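To keep things clear, I will list the structure first and then write my remarks on it.
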Amino acid sequence: MSVLIVPGILGDCVDGQALPFSDGRVRVRPRNYTEAYAHLENQLGVRVRAIEVRGRASSQFNAAIIARELTLEAQKSEVHHIVLVAYSKGVPDTLVALAALDSTRLLPAKVRALVSISGVVMGTPIADRMEWLYENLAAKLSPLDCTASTGGEVTSLTVRERTTWLVRNAVPQSVKPYSVVAHIHRDAAAPALVPSYDALATVNRLNDGQVLAGSMLLPNATLLAEVKSDHWTYVLALNRSPSLLVRSMASPTDFPRDAFFRAIVKTVATDLSR
């Protein structure tokens with residue numbers, strides 16, 4: 001089995017240290033996309049790596065990267081099954097890639113499952129509110145180690161964009177969908193996520209500071225877990241960042257990310273083998 005992880009928006013701003021479910025050690029890009037998962041490969045006995053998508057690009061842009069990586073991975077004789085674990089914006093990016101491959105009959109049969117981790121499946125009102133401001137400032141801003149914006153990254157997360165896409169598209173029938181949702185009490189959220197938590201709480205308190213819990217569910221998906229965490233803490237080791245700024249934004253609370261990831265992979269593998 002090959003497990004391919006798809007990071008979320010602004011993921012490459014911290015990818016030298018905090019890719020989704022990575023070991024939290026600092027490395028030079030792109031080494032972290034493979035070396036940060038060596039411990040999980042040893043523990044699980046499967047291939048694990050992250051796909052190097054752009055942190056500041058539209059879902060359409062990143063979908064082309066994901067589609068190419070899926071095609072190349074499926075061509076490897078030692079790979080029999082591929083499971084995608086997509087986080088946050090990585091979920092719509094992956095959905096667009098799968099739909100494009102499926103529509104052209106190029107979706108590899110080895111792609112068996114998609115696991116959504118706090119996925120922005122139905123969009124988030126935060127993106128709708130910030131879209132105009134962000135798109136006008138994005139080209140002028142280059143925070144942390146972020147790559148340059150290609151445009152459309154926040155638009156891809158709007159409720160308008162995502163719900164319109166879902167009406168017209170679906171997860172290919174050959175790919176089994178799974179969802180992990182998260183929500184947190186305000187007092188336990190990462191400091192930088194409290195304002196967005198408050199904004200979402202006017203709609204529903206069940207949110208992770210970025211996405212409403214109900215909007216994280218893939219259509220017809222198996223619910224794998226309901227996590228008591230904010231959007232970042234159970235996925236990204238931001239509390240170990242060498243940057244004081246990043247650590248100040250993150251929750252100091254640790255989470256058993258390795259054990260959680262192993263449980264996800266083992267559960268999905270068992271389910272697919274039935």
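Each chain of the structure tokens is named A, B, ... in the order shown, its residues numbered from 1; ligands are numbered from 1 in display order.
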
Rows by chain and residue number, stretch 158-212 of chain A within 8 Å of stretch 233-255 of chain A, shortest pair, only C-alpha atoms, as JSON lines:
```
{"residue": "A:Ala188", "atom": "CA", "partner": "A:Ser251", "partner_atom": "CA", "distance": 7.8}
{"residue": "A:Ala189", "atom": "CA", "partner": "A:Ser251", "partner_atom": "CA", "distance": 6.6}
{"residue": "A:Ala190", "atom": "CA", "partner": "A:Ser251", "partner_atom": "CA", "distance": 4.2}
{"residue": "A:Pro191", "atom": "CA", "partner": "A:Met249", "partner_atom": "CA", "distance": 5.5}
{"residue": "A:Ala192", "atom": "CA", "partner": "A:Met249", "partner_atom": "CA", "distance": 4.8}
{"residue": "A:Leu193", "atom": "CA", "partner": "A:Met249", "partner_atom": "CA", "distance": 7.9}
```

Closest contacts (stretch 169-252 of chain A/stretch 108-114 of chain A, max 8 Å, only C-alpha atoms) as JSON lines:
```
{"residue": "A:Ser174", "atom": "CA", "partner": "A:Arg112", "partner_atom": "CA", "distance": 6.6}
{"residue": "A:Val175", "atom": "CA", "partner": "A:Ala113", "partner_atom": "CA", "distance": 4.8}
{"residue": "A:Lys176", "atom": "CA", "partner": "A:Ala113", "partner_atom": "CA", "distance": 4.5}
{"residue": "A:Pro177", "atom": "CA", "partner": "A:Leu114", "partner_atom": "CA", "distance": 5.0}
{"residue": "A:Tyr178", "atom": "CA", "partner": "A:Leu114", "partner_atom": "CA", "distance": 6.1}
```

Store the residues picked out above, limited to N, CA, C and O atoms, as a compact mmCIF listing (two decimals), in the first residue's frame.
```txt
# COMPACT_ATOMS: atom_id res chain seq x y z
N SER A 174 -15.17 4.17 -7.75
CA SER A 174 -14.09 3.23 -7.46
C SER A 174 -13.24 3.65 -6.25
O SER A 174 -12.41 2.87 -5.78
N VAL A 175 -13.45 4.87 -5.76
CA VAL A 175 -12.68 5.40 -4.62
C VAL A 175 -13.59 5.50 -3.41
O VAL A 175 -14.59 6.21 -3.42
N LYS A 176 -13.25 4.78 -2.35
CA LYS A 176 -14.09 4.78 -1.15
C LYS A 176 -13.78 6.00 -0.29
O LYS A 176 -12.62 6.24 0.07
N PRO A 177 -14.81 6.79 0.07
CA PRO A 177 -14.57 8.01 0.86
C PRO A 177 -14.68 7.77 2.37
O PRO A 177 -15.56 7.03 2.83
N TYR A 178 -13.79 8.41 3.10
CA TYR A 178 -13.81 8.39 4.57
C TYR A 178 -13.63 9.83 5.06
O TYR A 178 -12.97 10.64 4.41
```

* Extract the full set of helix (DSSP H, G or I) residues from stretch 6-107 of chain A according to DSSP on the backbone, and format it as a PyMOL selection string. => chain A and resi 11-13+32-35+38-44+59-74+90-103

A:Ile9 environment, 10 Å, only C-alpha atoms, sequence neighbours closer than 4 positions dropped, as a PyMOL selection string
chain A and resi 13+53-59+87-90+93+153-154+156-157

Suppose we keep N, CA and C atoms; can you now write the selection as a tab-separated table (two decimals), in the first residue's frame?
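Final file, again-v6.tsv:
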```tsv
chain	number	residue	atom	x	y	z
A	13	CYS	N	4.23	26.90	3.64
A	13	CYS	CA	4.80	27.96	4.49
A	13	CYS	C	5.56	27.35	5.67
A	53	VAL	N	2.27	19.87	-3.21
A	53	VAL	CA	1.38	20.83	-3.86
A	53	VAL	C	1.77	22.24	-3.46
A	54	ARG	N	1.22	23.24	-4.12
A	54	ARG	CA	1.49	24.63	-3.80
A	54	ARG	C	0.53	25.08	-2.69
A	55	GLY	N	1.08	25.74	-1.69
A	55	GLY	CA	0.25	26.21	-0.58
A	55	GLY	C	-0.62	27.38	-0.93
A	56	ARG	N	-0.24	28.11	-1.99
A	56	ARG	CA	-0.99	29.30	-2.39
A	56	ARG	C	-1.36	29.19	-3.86
A	57	ALA	N	-2.22	28.23	-4.16
A	57	ALA	CA	-2.67	28.00	-5.53
A	57	ALA	C	-4.11	27.51	-5.49
A	58	SER	N	-4.79	27.64	-6.60
A	58	SER	CA	-6.19	27.20	-6.68
A	58	SER	C	-6.26	25.67	-6.65
A	59	SER	N	-7.44	25.17	-6.38
A	59	SER	CA	-7.63	23.71	-6.40
A	59	SER	C	-7.36	23.15	-7.79
A	87	TYR	N	-5.77	16.77	3.68
A	87	TYR	CA	-6.02	17.64	4.83
A	87	TYR	C	-6.49	19.01	4.37
A	88	SER	N	-7.58	19.51	4.98
A	88	SER	CA	-8.04	20.87	4.79
A	88	SER	C	-8.31	21.16	3.29
A	89	LYS	N	-7.62	22.13	2.71
A	89	LYS	CA	-7.81	22.44	1.29
A	89	LYS	C	-7.30	21.30	0.40
A	90	GLY	N	-6.46	20.45	0.96
A	90	GLY	CA	-6.01	19.30	0.19
A	90	GLY	C	-7.15	18.41	-0.26
A	93	ASP	N	-8.72	19.99	-3.47
A	93	ASP	CA	-7.69	19.82	-4.49
A	93	ASP	C	-7.70	18.39	-5.02
A	153	GLU	N	-6.49	30.64	-4.36
A	153	GLU	CA	-6.45	29.67	-3.27
A	153	GLU	C	-7.60	29.84	-2.28
A	154	VAL	N	-7.91	31.08	-1.92
A	154	VAL	CA	-9.01	31.31	-0.99
A	154	VAL	C	-10.36	31.15	-1.69
A	156	SER	N	-11.03	29.03	-3.85
A	156	SER	CA	-11.28	27.59	-3.91
A	156	SER	C	-11.91	27.05	-2.63
A	157	LEU	N	-11.86	27.82	-1.55
A	157	LEU	CA	-12.40	27.37	-0.26
A	157	LEU	C	-13.75	27.99	0.07
```

task = Go through stretch 82-139 of chain A and collect every residue that DSSP, computed from the backbone, puts in strand (DSSP E); the answer should be as a PyMOL selection string.
result = chain A and resi 82-87+111-117

(request) Could you tell me which of A:Val46, A:Ser149, A:Ala86, A:Ala97 comes closest to A:Thr71 if we count only C-alpha atoms? (result)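 Nearest candidate to A:Thr71 out of A:Val46, A:Ser149, A:Ala86, A:Ala97: A:Ala97.
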
What lies within 9 Å of A:Glu69 using only C-alpha atoms, ignoring chain neighbours under 5 positions off, as an mmCIF file with C-alpha atoms, in the first residue's frame?
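This went into result-v8.cif:
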```cif
data_model
loop_
_atom_site.group_PDB
_atom_site.id
_atom_site.type_symbol
_atom_site.label_atom_id
_atom_site.label_comp_id
_atom_site.auth_asym_id
_atom_site.auth_seq_id
_atom_site.Cartn_x
_atom_site.Cartn_y
_atom_site.Cartn_z
ATOM 1 C CA ILE A 51 2.625 15.345 -2.344
ATOM 2 C CA ALA A 64 -2.910 18.826 -11.944
ATOM 3 C CA ALA A 74 0.259 3.749 -9.863
#
```

Exercise. Expressed in Å to a single decimal, how great is the separation between atom CA of A:Asp15 and atom CA of A:Leu144?
Worked result: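 So the two atoms, atom CA of A:Asp15 and atom CA of A:Leu144, lie 10.4 Å apart.
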
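Here atom CA of A:Gly24 and atom CA of A:Asp187 stand 24.7 Å from one another.
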
Separation of atom CA of A:Leu84 and atom CA of A:Val6, in Å?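 Taking atom CA of A:Leu84 and atom CA of A:Val6, their separation equals 7.4 Å.
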
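Close contacts of A:Asp258, defined as residues with an atom at most 12 Å away when counting only C-alpha atoms, with chain neighbours fewer than 5 positions off set aside, comprise Pro20, Phe21, Ser22, Asp23, Gly24, Ala36, Tyr37, Ala38, His39, Leu40, Glu41, Asn42, Gln43, Leu44, Tyr234, Val235, Leu236, Ala237, Ala263, Ile264 and Val265 of chain A.
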
Output of the above residues as a compact mmCIF listing (two decimals), in the first residue's frame, restricted to all heavy atoms:
```txt
# COMPACT_ATOMS: atom_id res chain seq x y z
N PRO A 20 1.54 17.65 7.35
CA PRO A 20 0.53 16.86 8.06
C PRO A 20 1.06 15.51 8.53
O PRO A 20 1.59 14.73 7.73
CB PRO A 20 -0.58 16.69 7.02
CG PRO A 20 -0.43 17.86 6.11
CD PRO A 20 1.04 18.11 6.03
N PHE A 21 0.95 15.27 9.82
CA PHE A 21 1.34 14.00 10.45
C PHE A 21 2.83 13.68 10.31
O PHE A 21 3.24 12.52 10.47
CB PHE A 21 0.48 12.84 9.92
CG PHE A 21 -0.98 13.03 10.16
CD1 PHE A 21 -1.85 13.27 9.10
CD2 PHE A 21 -1.51 12.98 11.44
CE1 PHE A 21 -3.21 13.46 9.31
CE2 PHE A 21 -2.87 13.16 11.67
CZ PHE A 21 -3.71 13.40 10.60
N SER A 22 3.65 14.67 10.01
CA SER A 22 5.10 14.45 9.91
C SER A 22 5.70 14.35 11.31
O SER A 22 5.03 14.57 12.32
CB SER A 22 5.76 15.58 9.14
OG SER A 22 5.73 16.78 9.89
N ASP A 23 7.00 14.04 11.37
CA ASP A 23 7.65 13.85 12.67
C ASP A 23 8.01 15.17 13.36
O ASP A 23 8.53 15.18 14.48
CB ASP A 23 8.89 12.96 12.54
CG ASP A 23 9.95 13.55 11.59
OD1 ASP A 23 9.81 14.72 11.18
OD2 ASP A 23 10.92 12.83 11.28
N GLY A 24 7.78 16.30 12.69
CA GLY A 24 8.01 17.60 13.32
C GLY A 24 9.45 18.06 13.35
O GLY A 24 9.77 19.08 13.96
N ALA A 36 10.21 12.80 6.47
CA ALA A 36 9.42 13.05 7.68
C ALA A 36 8.45 11.93 8.01
O ALA A 36 7.83 11.93 9.08
CB ALA A 36 8.65 14.36 7.53
N TYR A 37 8.33 10.96 7.10
CA TYR A 37 7.38 9.86 7.30
C TYR A 37 8.07 8.51 7.42
O TYR A 37 7.40 7.47 7.44
CB TYR A 37 6.38 9.84 6.15
CG TYR A 37 5.60 11.13 6.04
CD1 TYR A 37 5.91 12.08 5.06
CD2 TYR A 37 4.58 11.43 6.93
CE1 TYR A 37 5.21 13.28 4.98
CE2 TYR A 37 3.88 12.63 6.86
CZ TYR A 37 4.20 13.54 5.88
OH TYR A 37 3.52 14.74 5.81
N ALA A 38 9.39 8.51 7.54
CA ALA A 38 10.13 7.25 7.63
C ALA A 38 9.69 6.43 8.84
O ALA A 38 9.57 5.20 8.78
CB ALA A 38 11.63 7.53 7.70
N HIS A 39 9.42 7.12 9.96
CA HIS A 39 9.01 6.40 11.17
C HIS A 39 7.65 5.73 10.98
O HIS A 39 7.42 4.62 11.47
CB HIS A 39 8.98 7.35 12.37
CG HIS A 39 7.96 8.43 12.28
ND1 HIS A 39 7.93 9.37 11.27
CD2 HIS A 39 6.90 8.73 13.10
CE1 HIS A 39 6.92 10.21 11.46
NE2 HIS A 39 6.28 9.83 12.55
N LEU A 40 6.76 6.38 10.24
CA LEU A 40 5.44 5.80 10.00
C LEU A 40 5.54 4.63 9.03
O LEU A 40 4.82 3.63 9.17
CB LEU A 40 4.49 6.87 9.45
CG LEU A 40 4.11 7.97 10.45
CD1 LEU A 40 3.34 9.08 9.75
CD2 LEU A 40 3.28 7.40 11.60
N GLU A 41 6.43 4.74 8.05
CA GLU A 41 6.64 3.61 7.14
C GLU A 41 7.12 2.39 7.90
O GLU A 41 6.65 1.27 7.66
CB GLU A 41 7.66 4.00 6.06
CG GLU A 41 7.15 4.98 5.04
CD GLU A 41 8.10 5.15 3.87
OE1 GLU A 41 9.33 5.03 4.08
OE2 GLU A 41 7.61 5.39 2.76
N ASN A 42 8.06 2.59 8.83
CA ASN A 42 8.58 1.47 9.61
C ASN A 42 7.52 0.87 10.52
O ASN A 42 7.45 -0.36 10.68
CB ASN A 42 9.78 1.94 10.45
CG ASN A 42 10.98 2.31 9.60
OD1 ASN A 42 11.15 1.78 8.51
ND2 ASN A 42 11.81 3.21 10.10
N GLN A 43 6.70 1.72 11.10
CA GLN A 43 5.67 1.24 12.02
C GLN A 43 4.52 0.54 11.31
O GLN A 43 3.94 -0.42 11.83
CB GLN A 43 5.13 2.42 12.84
CG GLN A 43 6.15 3.02 13.79
CD GLN A 43 5.73 4.39 14.31
OE1 GLN A 43 4.68 4.92 13.97
NE2 GLN A 43 6.57 4.98 15.15
N LEU A 44 4.18 1.01 10.11
CA LEU A 44 3.01 0.48 9.40
C LEU A 44 3.37 -0.55 8.33
O LEU A 44 2.51 -1.34 7.93
CB LEU A 44 2.27 1.64 8.73
CG LEU A 44 1.47 2.56 9.65
CD1 LEU A 44 1.10 3.85 8.92
CD2 LEU A 44 0.22 1.86 10.16
N TYR A 234 -4.21 18.58 15.81
CA TYR A 234 -4.14 17.11 15.67
C TYR A 234 -3.48 16.66 14.36
O TYR A 234 -3.31 15.47 14.14
CB TYR A 234 -5.53 16.49 15.84
CG TYR A 234 -6.46 16.54 14.65
CD1 TYR A 234 -6.82 15.38 13.95
CD2 TYR A 234 -7.07 17.73 14.25
CE1 TYR A 234 -7.70 15.41 12.89
CE2 TYR A 234 -7.96 17.77 13.20
CZ TYR A 234 -8.28 16.61 12.52
OH TYR A 234 -9.18 16.64 11.47
N VAL A 235 -3.07 17.63 13.55
CA VAL A 235 -2.48 17.30 12.25
C VAL A 235 -1.06 17.84 12.12
O VAL A 235 -0.18 17.17 11.55
CB VAL A 235 -3.35 17.86 11.11
CG1 VAL A 235 -2.76 17.49 9.76
CG2 VAL A 235 -4.79 17.35 11.23
N LEU A 236 -0.80 19.03 12.62
CA LEU A 236 0.47 19.72 12.39
C LEU A 236 1.23 19.94 13.70
O LEU A 236 0.65 20.39 14.69
CB LEU A 236 0.23 21.08 11.74
CG LEU A 236 -0.59 21.08 10.45
CD1 LEU A 236 -0.93 22.51 10.06
CD2 LEU A 236 0.15 20.37 9.33
N ALA A 237 2.53 19.66 13.70
CA ALA A 237 3.36 19.83 14.90
C ALA A 237 3.86 21.27 15.01
O ALA A 237 5.05 21.53 15.17
CB ALA A 237 4.53 18.86 14.86
N ALA A 263 -3.79 4.54 13.27
CA ALA A 263 -5.14 4.01 13.42
C ALA A 263 -5.97 4.23 12.17
O ALA A 263 -6.73 3.35 11.74
CB ALA A 263 -5.82 4.66 14.63
N ILE A 264 -5.81 5.41 11.56
CA ILE A 264 -6.53 5.70 10.32
C ILE A 264 -6.13 4.72 9.23
O ILE A 264 -6.98 4.10 8.57
CB ILE A 264 -6.24 7.14 9.85
CG1 ILE A 264 -6.92 8.15 10.77
CG2 ILE A 264 -6.71 7.34 8.41
CD1 ILE A 264 -6.54 9.58 10.48
N VAL A 265 -4.83 4.56 9.01
CA VAL A 265 -4.34 3.70 7.93
C VAL A 265 -4.75 2.25 8.17
O VAL A 265 -5.21 1.56 7.25
CB VAL A 265 -2.82 3.82 7.79
CG1 VAL A 265 -2.28 2.80 6.79
CG2 VAL A 265 -2.44 5.23 7.36
```

For A:Asn169, find every residue with an atom within 9 Å (counting only C-alpha atoms), except residues of its own chain fewer than 6 positions away, and show them as a PDB file with N, CA, C and O atoms, in the first residue's frame.
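Output saved as part-v3.pdb:
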```
ATOM      1  N   LEU A  95     -10.205  16.145  -4.730  1.00  0.00           N
ATOM      2  CA  LEU A  95     -11.477  15.841  -5.388  1.00  0.00           C
ATOM      3  C   LEU A  95     -11.461  16.291  -6.848  1.00  0.00           C
ATOM      4  O   LEU A  95     -11.935  15.572  -7.736  1.00  0.00           O
ATOM      5  N   VAL A  96     -10.929  17.475  -7.103  1.00  0.00           N
ATOM      6  CA  VAL A  96     -10.848  17.978  -8.468  1.00  0.00           C
ATOM      7  C   VAL A  96      -9.940  17.081  -9.306  1.00  0.00           C
ATOM      8  O   VAL A  96     -10.244  16.769 -10.469  1.00  0.00           O
ATOM      9  N   ALA A  99     -11.784  13.738 -10.042  1.00  0.00           N
ATOM     10  CA  ALA A  99     -12.856  13.938 -11.025  1.00  0.00           C
ATOM     11  C   ALA A  99     -12.278  14.102 -12.430  1.00  0.00           C
ATOM     12  O   ALA A  99     -12.826  13.570 -13.405  1.00  0.00           O
TER      13      ALA A  99
END
```

* Asked: In terms of the shortest atom-to-atom distance over only C-alpha atoms, which of A:Gly123, A:Gly11, A:Pro256, A:Gly45 is closest to A:Ser229?
  ->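 The shortest atom-to-atom distance to A:Ser229 comes from A:Pro256.
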
For A:Arg205, list every protein, DNA or RNA residue within 9 Å, evaluated using only C-alpha atoms, and leave out those in the same chain fewer than 4 positions away; present the list as a list in words. His183, Ile184, His185, Arg186, Tyr197, Asp198, Leu200, Ala201, Leu212 and Ala213 of chain A

Put those residues in a file: N, CA, C and O atoms, as a CSV table (one decimal), in the first residue's frame.
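Everything below was put into part14.csv:
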```csv
chain,number,residue,atom,x,y,z
A,183,HIS,N,-13.8,19.3,16.1
A,183,HIS,CA,-14.3,20.5,16.7
A,183,HIS,C,-13.7,20.7,18.1
A,183,HIS,O,-13.3,19.8,18.7
A,184,ILE,N,-13.7,21.9,18.6
A,184,ILE,CA,-13.0,22.3,19.8
A,184,ILE,C,-13.8,23.3,20.6
A,184,ILE,O,-14.6,24.1,20.0
A,185,HIS,N,-13.6,23.3,21.9
A,185,HIS,CA,-14.2,24.4,22.7
A,185,HIS,C,-13.3,25.6,22.6
A,185,HIS,O,-12.1,25.5,22.4
A,186,ARG,N,-13.9,26.7,22.6
A,186,ARG,CA,-13.2,28.0,22.3
A,186,ARG,C,-11.9,28.1,23.2
A,186,ARG,O,-10.9,28.5,22.7
A,197,TYR,N,-12.8,31.0,15.0
A,197,TYR,CA,-13.8,30.1,15.8
A,197,TYR,C,-15.0,30.9,16.2
A,197,TYR,O,-16.1,30.5,16.0
A,198,ASP,N,-14.8,32.1,16.7
A,198,ASP,CA,-15.9,33.0,17.1
A,198,ASP,C,-16.8,33.3,15.9
A,198,ASP,O,-18.0,33.3,16.0
A,200,LEU,N,-17.3,31.5,13.2
A,200,LEU,CA,-18.0,30.3,12.8
A,200,LEU,C,-19.0,29.9,13.8
A,200,LEU,O,-20.1,29.3,13.5
A,201,ALA,N,-18.7,30.2,15.1
A,201,ALA,CA,-19.7,29.9,16.2
A,201,ALA,C,-21.0,30.6,16.1
A,201,ALA,O,-22.0,30.2,16.7
A,212,LEU,N,-16.7,24.4,9.6
A,212,LEU,CA,-17.8,23.9,10.4
A,212,LEU,C,-17.7,22.3,10.3
A,212,LEU,O,-17.5,21.8,9.2
A,213,ALA,N,-18.0,21.7,11.4
A,213,ALA,CA,-17.8,20.2,11.4
A,213,ALA,C,-18.7,19.5,10.4
A,213,ALA,O,-18.2,18.6,9.7
```

ask   = So which one's closest to A:Arg262, A:Leu218, A:Leu10, A:Val48, A:Val26? Using only C-alpha atoms, please.
value =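 Using only C-alpha atoms, A:Arg262 sits closest to A:Val48.
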
Restricting to only C-alpha atoms, whichever of A:Thr150, A:Arg162, A:Trp132, A:Gln173 is closest to A:Ser103 is A:Gln173

| Pick from A:Leu217, A:Gly152, A:Asp230, A:Ser118 nearest to A:Tyr134, counting only C-alpha atoms |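 Looking at the shortest contact to A:Tyr134, the residue is A:Gly152.
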